[in-house]
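Note: the block below is run-v4.csv and it holds CSV, C-alpha atoms.
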```
chain,number,residue,atom,x,y,z
A,1,MET,CA,33.8,-24.9,4.2
A,2,SER,CA,30.3,-23.9,5.2
A,3,PRO,CA,30.1,-21.0,7.7
A,4,ASP,CA,29.3,-21.6,11.4
A,5,PRO,CA,25.6,-21.9,12.0
A,6,LEU,CA,25.6,-18.6,13.9
A,7,VAL,CA,27.2,-16.8,11.0
A,8,GLU,CA,24.9,-18.5,8.5
A,9,ALA,CA,21.8,-17.5,10.6
A,10,MET,CA,23.0,-13.9,10.6
A,11,ARG,CA,23.5,-13.9,6.8
A,12,ARG,CA,20.2,-15.6,6.1
A,13,LEU,CA,18.4,-12.8,8.1
A,14,GLY,CA,18.9,-10.5,5.1
A,15,ASP,CA,16.9,-12.7,2.8
A,16,ALA,CA,13.4,-11.1,2.6
A,17,THR,CA,12.4,-13.4,-0.2
A,18,VAL,CA,11.6,-16.3,2.0
A,19,PRO,CA,8.0,-17.6,2.0
A,20,ALA,CA,5.5,-15.7,4.2
A,21,ARG,CA,4.4,-18.9,5.9
A,22,GLU,CA,4.3,-18.4,9.7
A,23,ILE,CA,4.3,-20.7,12.7
A,24,GLU,CA,2.7,-19.9,16.0
A,25,LEU,CA,4.7,-20.5,19.2
A,26,THR,CA,3.3,-20.5,22.7
A,27,VAL,CA,5.6,-19.1,25.4
A,28,THR,CA,5.2,-18.3,29.1
A,29,ALA,CA,5.2,-14.5,29.8
A,30,PRO,CA,4.7,-12.4,32.9
A,31,PRO,CA,1.2,-11.2,33.5
A,32,GLY,CA,0.3,-8.2,31.4
A,33,ALA,CA,3.2,-8.8,29.0
A,34,ASP,CA,3.1,-7.0,25.6
A,35,PRO,CA,2.9,-9.5,22.8
A,36,ALA,CA,5.1,-7.4,20.5
A,37,GLN,CA,7.7,-7.1,23.2
A,38,THR,CA,7.5,-10.8,24.0
A,39,ALA,CA,8.1,-11.6,20.3
A,40,ILE,CA,11.3,-9.5,20.4
A,41,GLU,CA,12.4,-11.1,23.6
A,42,LEU,CA,11.8,-14.6,22.3
A,43,ARG,CA,13.8,-13.8,19.2
A,44,ALA,CA,16.7,-12.4,21.3
A,45,GLY,CA,16.6,-15.5,23.5
A,46,LEU,CA,16.6,-17.9,20.6
A,47,TYR,CA,19.6,-16.1,19.0
A,48,ASP,CA,21.3,-16.1,22.4
A,49,ILE,CA,20.9,-19.8,22.7
A,50,LEU,CA,22.2,-20.2,19.2
A,51,ALA,CA,25.2,-18.0,20.1
A,52,GLU,CA,25.8,-20.0,23.2
A,53,ARG,CA,25.9,-23.2,21.3
A,54,ALA,CA,28.2,-21.7,18.7
A,55,LEU,CA,30.6,-20.3,21.3
A,56,ALA,CA,30.7,-23.7,23.1
A,57,ARG,CA,32.2,-25.2,20.0
A,58,CYS,CA,35.1,-22.7,19.9
A,59,ALA,CA,38.4,-23.8,21.4
A,60,ASP,CA,39.2,-20.5,23.2
A,61,ASP,CA,38.1,-17.0,23.8
A,62,ARG,CA,40.1,-15.7,20.9
A,63,SER,CA,38.2,-17.9,18.4
A,64,ARG,CA,35.0,-17.0,20.3
A,65,GLU,CA,35.7,-13.3,19.8
A,66,GLU,CA,36.5,-13.8,16.1
A,67,LEU,CA,33.3,-15.7,15.6
A,68,LEU,CA,31.2,-13.0,17.3
A,69,ARG,CA,32.9,-10.2,15.4
A,70,ILE,CA,32.1,-12.0,12.1
A,71,ALA,CA,28.5,-12.5,13.2
A,72,LEU,CA,28.2,-8.9,14.3
A,73,ALA,CA,29.6,-7.6,11.0
A,74,ASP,CA,27.1,-9.8,9.1
A,75,VAL,CA,24.1,-8.8,11.1
A,76,ALA,CA,25.2,-5.2,11.1
A,77,ALA,CA,25.2,-5.4,7.3
A,78,VAL,CA,21.6,-6.6,7.0
A,79,GLU,CA,19.8,-5.0,9.9
A,80,PRO,CA,19.8,-1.3,8.7
A,81,VAL,CA,18.9,-2.5,5.1
A,82,LEU,CA,15.9,-4.4,6.5
A,83,SER,CA,14.9,-1.4,8.6
A,84,PHE,CA,15.2,1.0,5.7
A,85,THR,CA,13.4,-1.3,3.3
A,86,LEU,CA,10.6,-1.8,5.8
A,87,ALA,CA,10.1,1.9,6.3
A,88,GLU,CA,10.2,2.6,2.6
A,89,ARG,CA,7.7,-0.2,1.9
A,90,ALA,CA,5.4,0.9,4.7
A,91,ARG,CA,5.5,4.5,3.3
A,92,ARG,CA,4.7,3.3,-0.3
A,93,THR,CA,1.9,1.0,0.9
A,94,GLU,CA,0.3,3.8,2.9
A,95,GLN,CA,0.6,6.2,0.0
A,96,LEU,CA,-1.0,3.7,-2.4
A,97,GLU,CA,-3.8,2.9,0.1
A,98,ARG,CA,-4.5,6.6,0.6
A,99,ALA,CA,-4.5,7.3,-3.1
A,100,ALA,CA,-6.9,4.3,-3.7
A,101,ARG,CA,-9.2,5.5,-0.9
A,102,MET,CA,-9.4,9.1,-2.2
A,103,ARG,CA,-9.9,8.0,-5.8
A,104,GLY,CA,-12.4,5.4,-4.7
A,105,ARG,CA,-14.4,8.1,-2.9
A,106,GLN,CA,-14.2,10.4,-6.0
A,107,ASN,CA,-15.4,7.5,-8.2
A,108,ARG,CA,-18.3,6.7,-5.9
A,109,LEU,CA,-19.3,10.3,-5.9
A,110,THR,CA,-19.2,10.5,-9.7
A,111,GLY,CA,-21.1,7.2,-10.1
A,112,ALA,CA,-23.7,7.8,-7.4
A,113,TRP,CA,-24.3,11.6,-7.8
A,114,LEU,CA,-22.9,13.2,-10.9
A,115,VAL,CA,-24.0,10.6,-13.5
A,116,PRO,CA,-27.6,10.3,-12.2
A,117,ARG,CA,-27.9,14.0,-11.9
A,118,LEU,CA,-26.7,14.6,-15.5
A,119,GLU,CA,-29.1,11.9,-16.7
A,120,ARG,CA,-32.0,13.6,-14.9
A,121,GLU,CA,-31.1,17.0,-16.3
A,122,ILE,CA,-30.8,15.5,-19.8
A,123,GLU,CA,-34.3,14.1,-19.5
A,124,LEU,CA,-35.6,17.5,-18.4
A,125,TYR,CA,-33.8,19.3,-21.3
A,126,GLU,CA,-35.2,16.8,-23.8
A,127,ALA,CA,-38.7,17.5,-22.4
A,128,ARG,CA,-38.1,21.2,-22.6
A,129,VAL,CA,-36.9,21.0,-26.2
A,130,SER,CA,-40.0,19.0,-27.1
A,131,GLY,CA,-42.2,21.5,-25.3
A,132,LEU,CA,-40.7,24.5,-27.0
A,133,GLU,CA,-40.9,22.8,-30.4
A,134,ALA,CA,-44.5,21.9,-29.9
A,135,ALA,CA,-45.3,25.6,-28.9
A,136,LEU,CA,-43.5,26.9,-32.0
A,137,GLU,CA,-45.4,24.4,-34.2
A,138,GLU,CA,-48.6,25.7,-32.6
A,139,VAL,CA,-47.7,29.2,-33.7
A,140,ASP,CA,-47.0,28.0,-37.2
A,141,ARG,CA,-50.4,26.5,-37.6
B,142,MET,CA,0.4,-16.5,31.4
B,143,SER,CA,0.9,-17.9,27.9
B,144,LEU,CA,1.3,-15.8,24.9
B,145,ARG,CA,1.3,-16.7,21.2
B,146,VAL,CA,4.2,-15.4,19.1
B,147,ARG,CA,4.4,-15.7,15.3
B,148,MET,CA,7.6,-16.4,13.5
B,149,LEU,CA,8.5,-17.1,9.9
B,150,ALA,CA,8.6,-20.9,9.3
B,151,ALA,CA,11.8,-20.5,7.3
B,152,GLU,CA,13.5,-18.8,10.2
B,153,TRP,CA,12.1,-21.2,12.8
B,154,GLU,CA,13.4,-24.2,10.8
B,155,LEU,CA,16.9,-22.6,10.3
B,156,LEU,CA,17.1,-21.8,14.0
B,157,GLY,CA,16.1,-25.3,14.9
B,158,ARG,CA,18.8,-26.8,12.7
B,159,ALA,CA,21.4,-24.3,13.9
B,160,ILE,CA,20.7,-24.8,17.6
B,161,GLY,CA,21.0,-28.5,17.1
B,162,GLU,CA,18.3,-29.7,19.4
B,163,PRO,CA,14.5,-29.8,19.3
B,164,VAL,CA,13.2,-26.4,20.4
B,165,ASP,CA,10.4,-27.5,22.7
B,166,ARG,CA,8.3,-25.5,25.2
B,167,ARG,CA,11.0,-25.7,27.9
B,168,LEU,CA,13.6,-24.2,25.5
B,169,LEU,CA,11.1,-21.6,24.2
B,170,ASP,CA,10.4,-20.5,27.8
B,171,GLU,CA,14.1,-20.3,28.5
B,172,ALA,CA,14.6,-18.3,25.3
B,173,ALA,CA,11.9,-15.9,26.3
B,174,ALA,CA,13.3,-15.5,29.8
B,175,ARG,CA,16.8,-14.9,28.4
B,176,GLY,CA,15.5,-12.4,25.9
B,177,ARG,CA,13.6,-10.5,28.6
B,178,SER,CA,16.8,-10.3,30.7
B,179,LEU,CA,18.9,-9.2,27.8
B,180,LEU,CA,16.5,-6.5,26.8
B,181,ALA,CA,15.9,-5.4,30.3
B,182,ASP,CA,19.5,-4.8,31.3
B,183,GLY,CA,21.5,-5.1,28.2
B,184,ARG,CA,23.9,-7.6,29.8
B,185,GLY,CA,24.8,-10.9,28.2
B,186,ALA,CA,24.6,-14.3,29.7
B,187,PRO,CA,27.2,-14.9,32.4
B,188,SER,CA,30.4,-16.7,31.4
B,189,THR,CA,33.0,-18.3,33.6
B,190,SER,CA,36.1,-17.9,31.4
B,191,ALA,CA,38.6,-15.0,31.6
B,192,GLY,CA,37.8,-12.0,29.5
B,193,ALA,CA,34.1,-12.8,29.7
B,194,ALA,CA,32.9,-9.3,29.9
B,195,PRO,CA,34.0,-8.1,26.5
B,196,LEU,CA,32.7,-11.4,24.9
B,197,ALA,CA,29.4,-11.1,26.7
B,198,ARG,CA,29.0,-7.5,25.5
B,199,LEU,CA,29.8,-8.6,21.9
B,200,ARG,CA,27.4,-11.5,22.2
B,201,THR,CA,24.7,-9.2,23.5
B,202,GLN,CA,25.2,-6.9,20.5
B,203,VAL,CA,25.0,-9.8,18.1
B,204,VAL,CA,21.9,-11.2,19.7
B,205,LEU,CA,20.0,-7.9,20.0
B,206,ARG,CA,20.8,-6.8,16.4
B,207,ALA,CA,19.7,-10.3,15.2
B,208,ALA,CA,16.5,-10.0,17.1
B,209,ALA,CA,15.8,-6.5,15.6
B,210,ALA,CA,16.7,-7.8,12.1
B,211,SER,CA,14.5,-10.8,12.6
B,212,ALA,CA,11.5,-8.6,13.6
B,213,TYR,CA,12.1,-6.3,10.6
B,214,ARG,CA,12.3,-9.2,8.2
B,215,HIS,CA,9.2,-10.8,9.7
B,216,ARG,CA,7.2,-7.6,9.0
B,217,LEU,CA,8.7,-7.1,5.6
B,218,VAL,CA,7.9,-10.7,4.5
B,219,THR,CA,4.4,-10.8,6.0
B,220,GLU,CA,3.4,-7.4,4.7
B,221,ARG,CA,4.4,-8.2,1.1
B,222,HIS,CA,0.8,-9.2,0.6
B,223,ARG,CA,-0.5,-5.8,1.9
B,224,LEU,CA,1.7,-4.0,-0.6
B,225,ALA,CA,0.5,-6.2,-3.4
B,226,VAL,CA,-3.1,-5.6,-2.4
B,227,ALA,CA,-2.5,-1.8,-2.2
B,228,GLU,CA,-0.9,-1.8,-5.7
B,229,HIS,CA,-3.8,-3.7,-7.1
B,230,GLU,CA,-6.4,-1.4,-5.4
B,231,GLU,CA,-4.7,1.7,-6.5
B,232,ARG,CA,-4.5,0.5,-10.1
B,233,ARG,CA,-8.2,-0.5,-10.0
B,234,SER,CA,-9.3,2.8,-8.7
B,235,TYR,CA,-7.3,4.6,-11.4
B,236,GLU,CA,-8.8,2.5,-14.1
B,237,ASP,CA,-12.3,2.9,-12.7
B,238,GLY,CA,-11.8,6.7,-12.5
B,239,LEU,CA,-10.5,6.7,-16.0
B,240,ALA,CA,-13.5,4.8,-17.3
B,241,LEU,CA,-15.8,7.3,-15.7
B,242,ASP,CA,-13.9,10.4,-16.7
B,243,ARG,CA,-13.2,9.2,-20.3
B,244,ASP,CA,-16.1,7.0,-21.3
B,245,LEU,CA,-19.2,7.8,-19.1
B,246,VAL,CA,-19.1,11.4,-18.0
B,247,PRO,CA,-18.0,13.3,-21.2
B,248,PRO,CA,-20.8,12.0,-23.5
B,249,LEU,CA,-23.4,13.0,-20.9
B,250,LYS,CA,-21.9,16.4,-20.4
B,251,LEU,CA,-21.6,17.0,-24.1
B,252,ARG,CA,-25.3,15.9,-24.6
B,253,ALA,CA,-26.4,18.2,-21.8
B,254,LYS,CA,-24.3,21.1,-23.3
B,255,ALA,CA,-25.9,20.5,-26.7
B,256,LEU,CA,-29.4,20.4,-25.3
B,257,ARG,CA,-28.9,23.5,-23.3
B,258,ALA,CA,-27.8,25.3,-26.4
B,259,GLU,CA,-30.8,24.0,-28.3
B,260,ILE,CA,-33.1,25.2,-25.6
B,261,ARG,CA,-31.6,28.7,-25.7
B,262,ARG,CA,-32.0,28.8,-29.5
B,263,LEU,CA,-35.6,27.7,-29.3
B,264,GLU,CA,-36.4,30.2,-26.5
B,265,ALA,CA,-34.9,33.0,-28.6
B,266,GLU,CA,-37.0,31.8,-31.6
B,267,ALA,CA,-40.1,31.7,-29.4
B,268,ARG,CA,-39.5,35.2,-28.2
B,269,ALA,CA,-39.0,36.4,-31.8
B,270,ARG,CA,-42.4,35.0,-32.6
B,271,GLY,CA,-44.0,36.8,-29.7
B,272,LEU,CA,-44.1,33.8,-27.3
B,273,ASP,CA,-43.0,34.0,-23.6
B,274,PRO,CA,-40.8,31.0,-23.1
B,275,ASP,CA,-41.4,31.1,-19.3
B,276,THR,CA,-45.0,30.1,-20.0
B,277,ILE,CA,-44.0,26.9,-21.8
B,278,GLU,CA,-43.6,23.7,-19.7
B,279,PRO,CA,-41.5,22.1,-18.5
B,280,ARG,CA,-39.3,25.0,-17.4
B,281,VAL,CA,-35.7,24.7,-16.4
B,282,GLU,CA,-34.4,26.4,-13.2
B,283,TRP,CA,-31.0,27.1,-14.7
B,284,ALA,CA,-29.5,28.1,-11.4
B,285,GLU,CA,-30.1,24.6,-10.1
B,286,THR,CA,-28.5,22.8,-13.0
B,287,LEU,CA,-25.0,21.8,-13.7
B,288,ALA,CA,-23.2,24.4,-15.7
B,289,VAL,CA,-21.7,22.5,-18.6
B,290,ASP,CA,-21.9,25.2,-21.3
B,291,THR,CA,-18.2,25.7,-21.4
B,292,TYR,CA,-17.3,22.0,-20.9
B,293,VAL,CA,-14.6,20.6,-23.1
B,294,PRO,CA,-13.9,16.9,-22.7
B,295,PRO,CA,-10.4,16.0,-21.5
B,296,ARG,CA,-8.1,14.6,-24.2
B,297,TYR,CA,-6.3,11.4,-23.3
B,298,THR,CA,-3.2,10.5,-25.2
B,299,THR,CA,-1.2,7.3,-25.2
B,300,ASP,CA,2.6,7.2,-25.1
B,301,ALA,CA,2.5,6.3,-28.8
B,302,ASP,CA,0.4,9.4,-29.5
B,303,ARG,CA,2.8,11.6,-27.6
B,304,LYS,CA,5.8,10.1,-29.4
B,305,ARG,CA,4.1,10.7,-32.8
B,306,ALA,CA,3.3,14.3,-31.9
B,307,THR,CA,6.9,15.0,-30.8
B,308,LEU,CA,8.3,13.5,-34.1
B,309,GLU,CA,5.8,15.5,-36.1
B,310,PHE,CA,6.8,18.7,-34.2
B,311,PHE,CA,10.5,18.2,-35.1
B,312,ARG,CA,9.7,17.2,-38.6
B,313,ARG,CA,7.9,20.5,-39.1
B,314,LEU,CA,10.9,22.3,-37.7
B,315,GLY,CA,12.9,20.6,-40.4
```
Reformat the file's structure so that it appears as structure tokens.
Amino acid sequence: MSPDPLVEAMRRLGDATVPAREIELTVTAPPGADPAQTAIELRAGLYDILAERALARCADDRSREELLRIALADVAAVEPVLSFTLAERARRTEQLERAARMRGRQNRLTGAWLVPRLEREIELYEARVSGLEAALEEVDR
Amino acid sequence: MSLRVRMLAAEWELLGRAIGEPVDRRLLDEAAARGRSLLADGRGAPSTSAGAAPLARLRTQVVLRAAAASAYRHRLVTERHRLAVAEHEERRSYEDGLALDRDLVPPLKLRAKALRAEIRRLEAEARARGLDPDTIEPRVEWAETLAVDTYVPPRYTTDADRKRATLEFFRRLG
């Protein structure tokens, strides 16, 4: 028997492998509303409507409570995992971005400053060697 | 005022099926208003049956945790690309750095080191023959040059090299 749609929705929330394709929804919000807060509110409202529909299908309060307890256990199992994974991934992403930035700066410095400077100095040294050799040859003559 | 909210298409489709009716603008606005109320006071939607308060509390807990999980998952899924880009950029900067430090800079420094040694040898020879090297052009302002006289190029080893060296070490120990 397939689980109740509410329970199924709670379980599916743990699946972070779904495609990243997004849709854009337009909702009415009070003036000055924060978009991030509105996004959370909309989610809460949609899950509330889903819960309402699911509870309406139950015969009595006992089965309603049982359904909500199962749904709560399921969502409580996935929410901290998602939160932890998100924090870990954000930390790793920032670490990598920082390392790439610092190494990129170092590489640019090496390529734009150190290498041309070494090349210029090598040219000067080669000219100095030629000059000294010519002077010594002059003495030999 | 109207606001645009992004949601994962997969979640939106699942919610649409689970709710069992088309989620149009009216239902979206109702959802947003309900969510605002739930988050503002933490109370669930009113119910008319007996024992409604504990059920409403339970429902609110489910709904708020689901909203939080949904927001976490949304960020996790949509920021996968950012992590992939960061991994690629970090790897690229490492390889670029390695190419500079292994292939480009060491030969230049070794060449400069050899030429500096040659200049010093020739200057000593000139002095021995009664010449003043400072009168010979072009001169080098040593203090303004990169000091590479003690430069030793870094040694890069592969995993296979290290494995071979370890085996060799233990072989020598008998």
May I ask for the distance between CA of Ile40 in chain A and CA of Ala181 in chain B, given in Å to one decimal place?
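It comes out at 11.7 Å.
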Shell of 9 Å around range 222-235 of chain B, all atoms listed in the file, local chain residues under 4 positions omitted, as a CSV table (one decimal) with C-alpha atoms, in the frame of the given file:
```csv
chain,number,residue,atom,x,y,z
A,20,ALA,CA,5.5,-15.7,4.2
A,89,ARG,CA,7.7,-0.2,1.9
A,90,ALA,CA,5.4,0.9,4.7
A,92,ARG,CA,4.7,3.3,-0.3
A,93,THR,CA,1.9,1.0,0.9
A,94,GLU,CA,0.3,3.8,2.9
A,95,GLN,CA,0.6,6.2,0.0
A,96,LEU,CA,-1.0,3.7,-2.4
A,97,GLU,CA,-3.8,2.9,0.1
A,98,ARG,CA,-4.5,6.6,0.6
A,99,ALA,CA,-4.5,7.3,-3.1
A,100,ALA,CA,-6.9,4.3,-3.7
A,101,ARG,CA,-9.2,5.5,-0.9
A,103,ARG,CA,-9.9,8.0,-5.8
A,104,GLY,CA,-12.4,5.4,-4.7
A,107,ASN,CA,-15.4,7.5,-8.2
B,218,VAL,CA,7.9,-10.7,4.5
B,239,LEU,CA,-10.5,6.7,-16.0
B,240,ALA,CA,-13.5,4.8,-17.3
```
Distance-based interface of chain B with chain A, 7 Å, counting only C-alpha atoms, as a VMD selection string
chain B and resid 142 to 151 159 to 160 166 169 to 170 172 to 173 175 to 177 180 196 199 to 200 203 to 208 210 to 214 217 to 219 224 227 to 228 230 to 231 234 238 246 249 253 256 to 257 260 263 267 277 to 280
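Here CA of Arg262 in chain B stands at a distance of 28.7 Å from CA of Trp113 in chain A.
If you look at CA of Leu251 in chain B and CA of Pro295 in chain B, they are 11.5 Å away from each other.
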Counting all atoms listed in the file, which of A:Cys58, A:Pro3, A:Glu88, A:Glu137 gets nearest to Leu272 in chain B?
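Counting all atoms listed in the file, the residue closest to Leu272 in chain B is A:Glu137.
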